[in-house]
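As stored in query03.csv (CSV, C-alpha atoms):
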```
chain,number,residue,atom,x,y,z
P,10,MET,CA,162.2,113.9,86.5
P,11,LYS,CA,161.8,110.6,84.7
P,12,ASP,CA,165.0,109.0,86.1
P,13,LYS,CA,164.6,105.3,86.5
P,14,ALA,CA,167.3,105.0,89.2
P,15,GLY,CA,169.1,101.7,89.1
P,16,SER,CA,167.0,100.2,86.4
P,17,GLY,CA,168.2,96.8,85.3
P,18,GLY,CA,168.3,95.4,81.8
P,19,MET,CA,165.6,96.6,79.4
P,20,GLY,CA,162.8,94.5,78.3
P,21,GLY,CA,163.0,91.5,80.6
P,22,MET,CA,165.1,89.3,78.2
P,23,GLY,CA,164.7,85.6,78.3
P,24,GLY,CA,163.0,85.3,81.7
P,25,MET,CA,166.0,86.8,83.4
P,26,ALA,CA,165.2,88.4,86.7
P,27,GLU,CA,164.6,92.1,86.3
P,28,PHE,CA,164.6,94.5,89.2
P,29,ARG,CA,164.1,98.2,89.1
P,30,CYS,CA,164.6,100.7,91.9
P,31,LYS,CA,162.2,103.7,92.1
P,32,ARG,CA,161.7,106.4,94.6
P,33,VAL,CA,158.2,106.0,96.2
P,34,TYR,CA,157.4,109.7,95.6
P,35,GLU,CA,157.6,109.2,91.8
P,36,PRO,CA,154.3,108.3,90.1
P,37,ALA,CA,153.5,104.7,89.5
P,38,GLY,CA,154.0,103.7,85.8
P,39,PRO,CA,152.5,100.9,83.7
P,40,ASP,CA,155.9,99.3,83.2
P,41,ASP,CA,156.6,99.0,87.0
P,42,GLY,CA,155.5,95.4,87.2
P,43,LEU,CA,155.1,94.3,90.8
P,44,ARG,CA,155.7,97.3,93.1
P,45,VAL,CA,157.3,96.3,96.4
P,46,LEU,CA,158.0,98.8,99.2
P,47,VAL,CA,161.3,97.8,100.8
P,48,ASP,CA,161.3,100.4,103.6
P,49,ARG,CA,160.8,99.3,107.2
P,50,VAL,CA,158.9,102.6,108.0
P,51,TRP,CA,156.0,103.8,105.9
P,52,PRO,CA,157.0,106.8,103.6
P,53,ARG,CA,156.3,110.1,105.3
P,54,GLY,CA,153.2,111.9,104.1
P,55,MET,CA,152.1,109.1,101.7
P,56,THR,CA,148.8,107.3,101.6
P,57,LYS,CA,148.4,103.7,100.4
P,58,ALA,CA,146.7,105.1,97.3
P,59,GLN,CA,149.7,107.3,96.6
P,60,VAL,CA,152.3,104.6,97.1
P,61,LYS,CA,150.5,102.0,95.0
P,62,ALA,CA,152.6,99.2,96.4
P,63,ASP,CA,151.4,95.7,95.7
P,64,LEU,CA,153.4,94.5,98.7
P,65,TRP,CA,155.1,96.0,101.7
P,66,LEU,CA,158.0,93.7,102.5
P,67,LYS,CA,159.4,95.0,105.7
P,68,ALA,CA,161.4,91.7,106.2
P,69,VAL,CA,163.9,92.7,103.5
P,70,ALA,CA,164.4,96.2,104.9
P,71,PRO,CA,167.5,96.9,106.9
P,72,GLY,CA,167.1,96.5,110.6
P,73,ALA,CA,166.6,99.6,112.8
P,74,ALA,CA,170.1,99.5,114.2
P,75,LEU,CA,171.8,99.2,110.8
P,76,ARG,CA,169.6,101.9,109.3
P,77,THR,CA,170.4,104.3,112.1
P,78,TRP,CA,174.2,103.5,111.9
P,79,PHE,CA,174.2,104.0,108.1
P,80,GLY,CA,172.3,107.3,108.2
P,81,HIS,CA,172.8,107.6,104.4
P,82,ASP,CA,176.4,108.4,104.9
P,83,ARG,CA,178.1,107.5,101.7
P,84,THR,CA,181.4,106.9,103.4
P,85,ARG,CA,179.7,103.9,105.1
P,86,TRP,CA,178.1,102.5,101.9
P,87,GLU,CA,180.3,99.5,101.4
P,88,GLU,CA,180.2,98.4,105.0
P,89,PHE,CA,176.4,99.0,105.0
P,90,ARG,CA,176.1,96.7,102.0
P,91,ARG,CA,178.1,94.0,103.7
P,92,ARG,CA,176.1,94.2,106.9
P,93,TYR,CA,172.8,94.4,105.0
P,94,PHE,CA,173.6,91.4,102.9
P,95,ALA,CA,174.3,89.4,106.1
P,96,GLU,CA,170.8,90.5,107.3
P,97,LEU,CA,169.3,89.4,104.0
P,98,ASP,CA,171.1,86.0,104.2
P,99,ALA,CA,169.0,85.4,107.3
P,100,GLU,CA,165.7,86.1,105.4
P,101,PRO,CA,165.7,83.3,102.8
P,102,PRO,CA,161.8,83.1,102.5
P,103,SER,CA,161.5,86.8,101.6
P,104,VAL,CA,164.5,86.7,99.2
P,105,ALA,CA,163.1,83.6,97.5
P,106,MET,CA,159.7,85.2,97.1
P,107,LEU,CA,161.3,88.2,95.4
P,108,LEU,CA,163.4,86.1,93.1
P,109,SER,CA,160.3,84.0,92.2
P,110,GLU,CA,158.3,87.1,91.4
P,111,ALA,CA,161.1,88.5,89.3
P,112,ALA,CA,161.2,85.3,87.3
P,113,LYS,CA,157.6,86.1,86.3
P,114,GLY,CA,158.1,89.7,85.4
P,115,ARG,CA,159.7,93.0,86.4
P,116,VAL,CA,159.8,93.9,90.1
P,117,THR,CA,160.1,97.5,91.1
P,118,LEU,CA,161.7,98.0,94.5
P,119,LEU,CA,160.2,101.2,96.1
P,120,PHE,CA,162.3,103.3,98.5
P,121,SER,CA,161.8,106.7,100.2
P,122,ALA,CA,165.4,107.8,100.6
P,123,ARG,CA,166.5,111.0,98.9
P,124,ASP,CA,169.7,109.4,97.7
P,125,ALA,CA,168.8,107.4,94.6
P,126,GLU,CA,172.3,105.7,94.4
P,127,CYS,CA,173.1,104.6,97.9
P,128,ASN,CA,170.0,103.2,99.6
P,129,GLN,CA,168.7,99.8,100.6
P,130,ALA,CA,166.7,99.2,97.4
P,131,VAL,CA,169.9,99.6,95.3
P,132,ALA,CA,171.8,97.3,97.6
P,133,LEU,CA,168.9,94.8,97.6
P,134,LYS,CA,168.7,94.8,93.8
P,135,ASP,CA,172.4,94.0,93.6
P,136,TYR,CA,172.0,91.2,96.2
P,137,LEU,CA,169.0,89.7,94.3
P,138,LEU,CA,170.7,89.9,90.9
P,139,ALA,CA,173.8,88.2,92.3
P,140,ARG,CA,171.6,85.3,93.5
P,141,SER,CA,169.5,85.1,90.3
P,142,GLY,CA,172.4,85.0,87.9
P,143,GLY,CA,171.0,88.3,86.3
P,144,GLU,CA,173.0,91.3,85.4
P,145,GLY,CA,172.3,94.8,86.7
P,146,GLY,CA,173.4,98.3,86.2
```

Please, can you express the file's structure as structure tokens?
Amino acid sequence: MKDKAGSGGMGGMGGMAEFRCKRVYEPAGPDDGLRVLVDRVWPRGMTKAQVKADLWLKAVAPGAALRTWFGHDRTRWEEFRRRYFAELDAEPPSVAMLLSEAAKGRVTLLFSARDAECNQAVALKDYLLARSGGEGG
């Protein structure tokens, strides 16, 4: 399946931050840009060579308690986002680094969750776009 879940604007227009979300089990592509794994736990059954992450940024992954509470229960999605954004507010250096990298080119946020619409990478993308002045979809 060639779904680019949560992909942002096409073509990186005018230096605007561009973030894409991609399941880590999908093959790396030449248009991924900087590949950043945003899971706190290494993806099950994957080697470093398979993941092909340029960076594993555990600092922007949800904390263990929040991840356990959420449990990918879609009824908790909005509250998860609110709590996760509060955690991200406490991580300015990592957030600033991602925004800086996105100003240079596309950043692909890698996640291992089965749900491609309600996961920390999608929430993180929304958080980052809101802080970069970019638009997402």

Within 12 Å of (150.9, 91.7, 94.9) in the file's own coordinates, which protein, DNA or RNA residues have an atom, counting all atoms listed in the file? List them as a list in words.
Gly42, Leu43, Arg44, Val45, Leu46, Lys61, Ala62, Asp63, Leu64, Trp65, Leu66, Met106, Leu107, Glu110, Val116 and Thr117 of chain P

Pick out the residues sitting within 12 Å of Arg53 (chain P), and hand them over as a ChimeraX atom specification; count only C-alpha atoms, and ignore anything fewer than 4 positions along from it in its own chain.
/P:33-34,48-49,57,59-60,120-122

Calculated over all atoms listed in the file, which of the candidates P:Leu138, P:Ala74, P:Val69, P:Leu118 has the smallest distance to Ala99 (chain P)?
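Looking at the shortest contact to Ala99 (chain P), the residue is P:Val69.
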
May I ask for the distance between CA of Thr77 (chain P) and CA of Tyr136 (chain P), given in Å to one decimal place?
20.7 Å

Select, counting all atoms listed in the file, all protein, DNA and RNA residues no farther than 9 Å from (172.9, 99.6, 101.5) in file coordinates, and express the selection as a PyMOL selection string.
chain P and resi 71+76+79+81+85-94+127-133

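Between CA of Thr56 (chain P) and CA of Gly72 (chain P) the separation is 23.1 Å.
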
Exercise: Gly142 (chain P) partners within 12 Å, only C-alpha atoms, chain neighbours under 3 positions left out, as a PyMOL selection string
chain P and resi 24-27+108+111-112+135-139+145

Which of these residues is nearest to Leu97 (chain P), using all atoms listed in the file: P:Met55, P:Ala73, P:Ala68, P:Val50?
P:Ala68

For Asp41 (chain P), which residue out of P:Arg140, P:Lys67, P:Arg115, P:Arg123 is the nearest one, using all atoms listed in the file?
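So, comparing all the options, the nearest one is P:Arg115.
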
Could you jot down the CA of Ser109 (chain P) to CA of Leu75 (chain P) separation for me, Å, one decimal place?
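That distance, rounded to one decimal, is 26.6 Å.
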
What box, with edges along x, y and z, holds each listed atom of region 72-91 of chain P when 3 Å is added on every side, and can you state its centre and edge lengths in Å to one decimal, as JSON?
```
{"center_x": 174.0, "center_y": 101.2, "center_z": 107.8, "size_x": 20.8, "size_y": 20.4, "size_z": 18.8}
```

Calculated over all atoms listed in the file, which of the candidates P:Ala70, P:Pro52, P:Asp124, P:Arg32 has the smallest distance to Glu100 (chain P)?
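Of P:Ala70, P:Pro52, P:Asp124, P:Arg32, the one nearest Glu100 (chain P) is P:Ala70, counting all atoms listed in the file.
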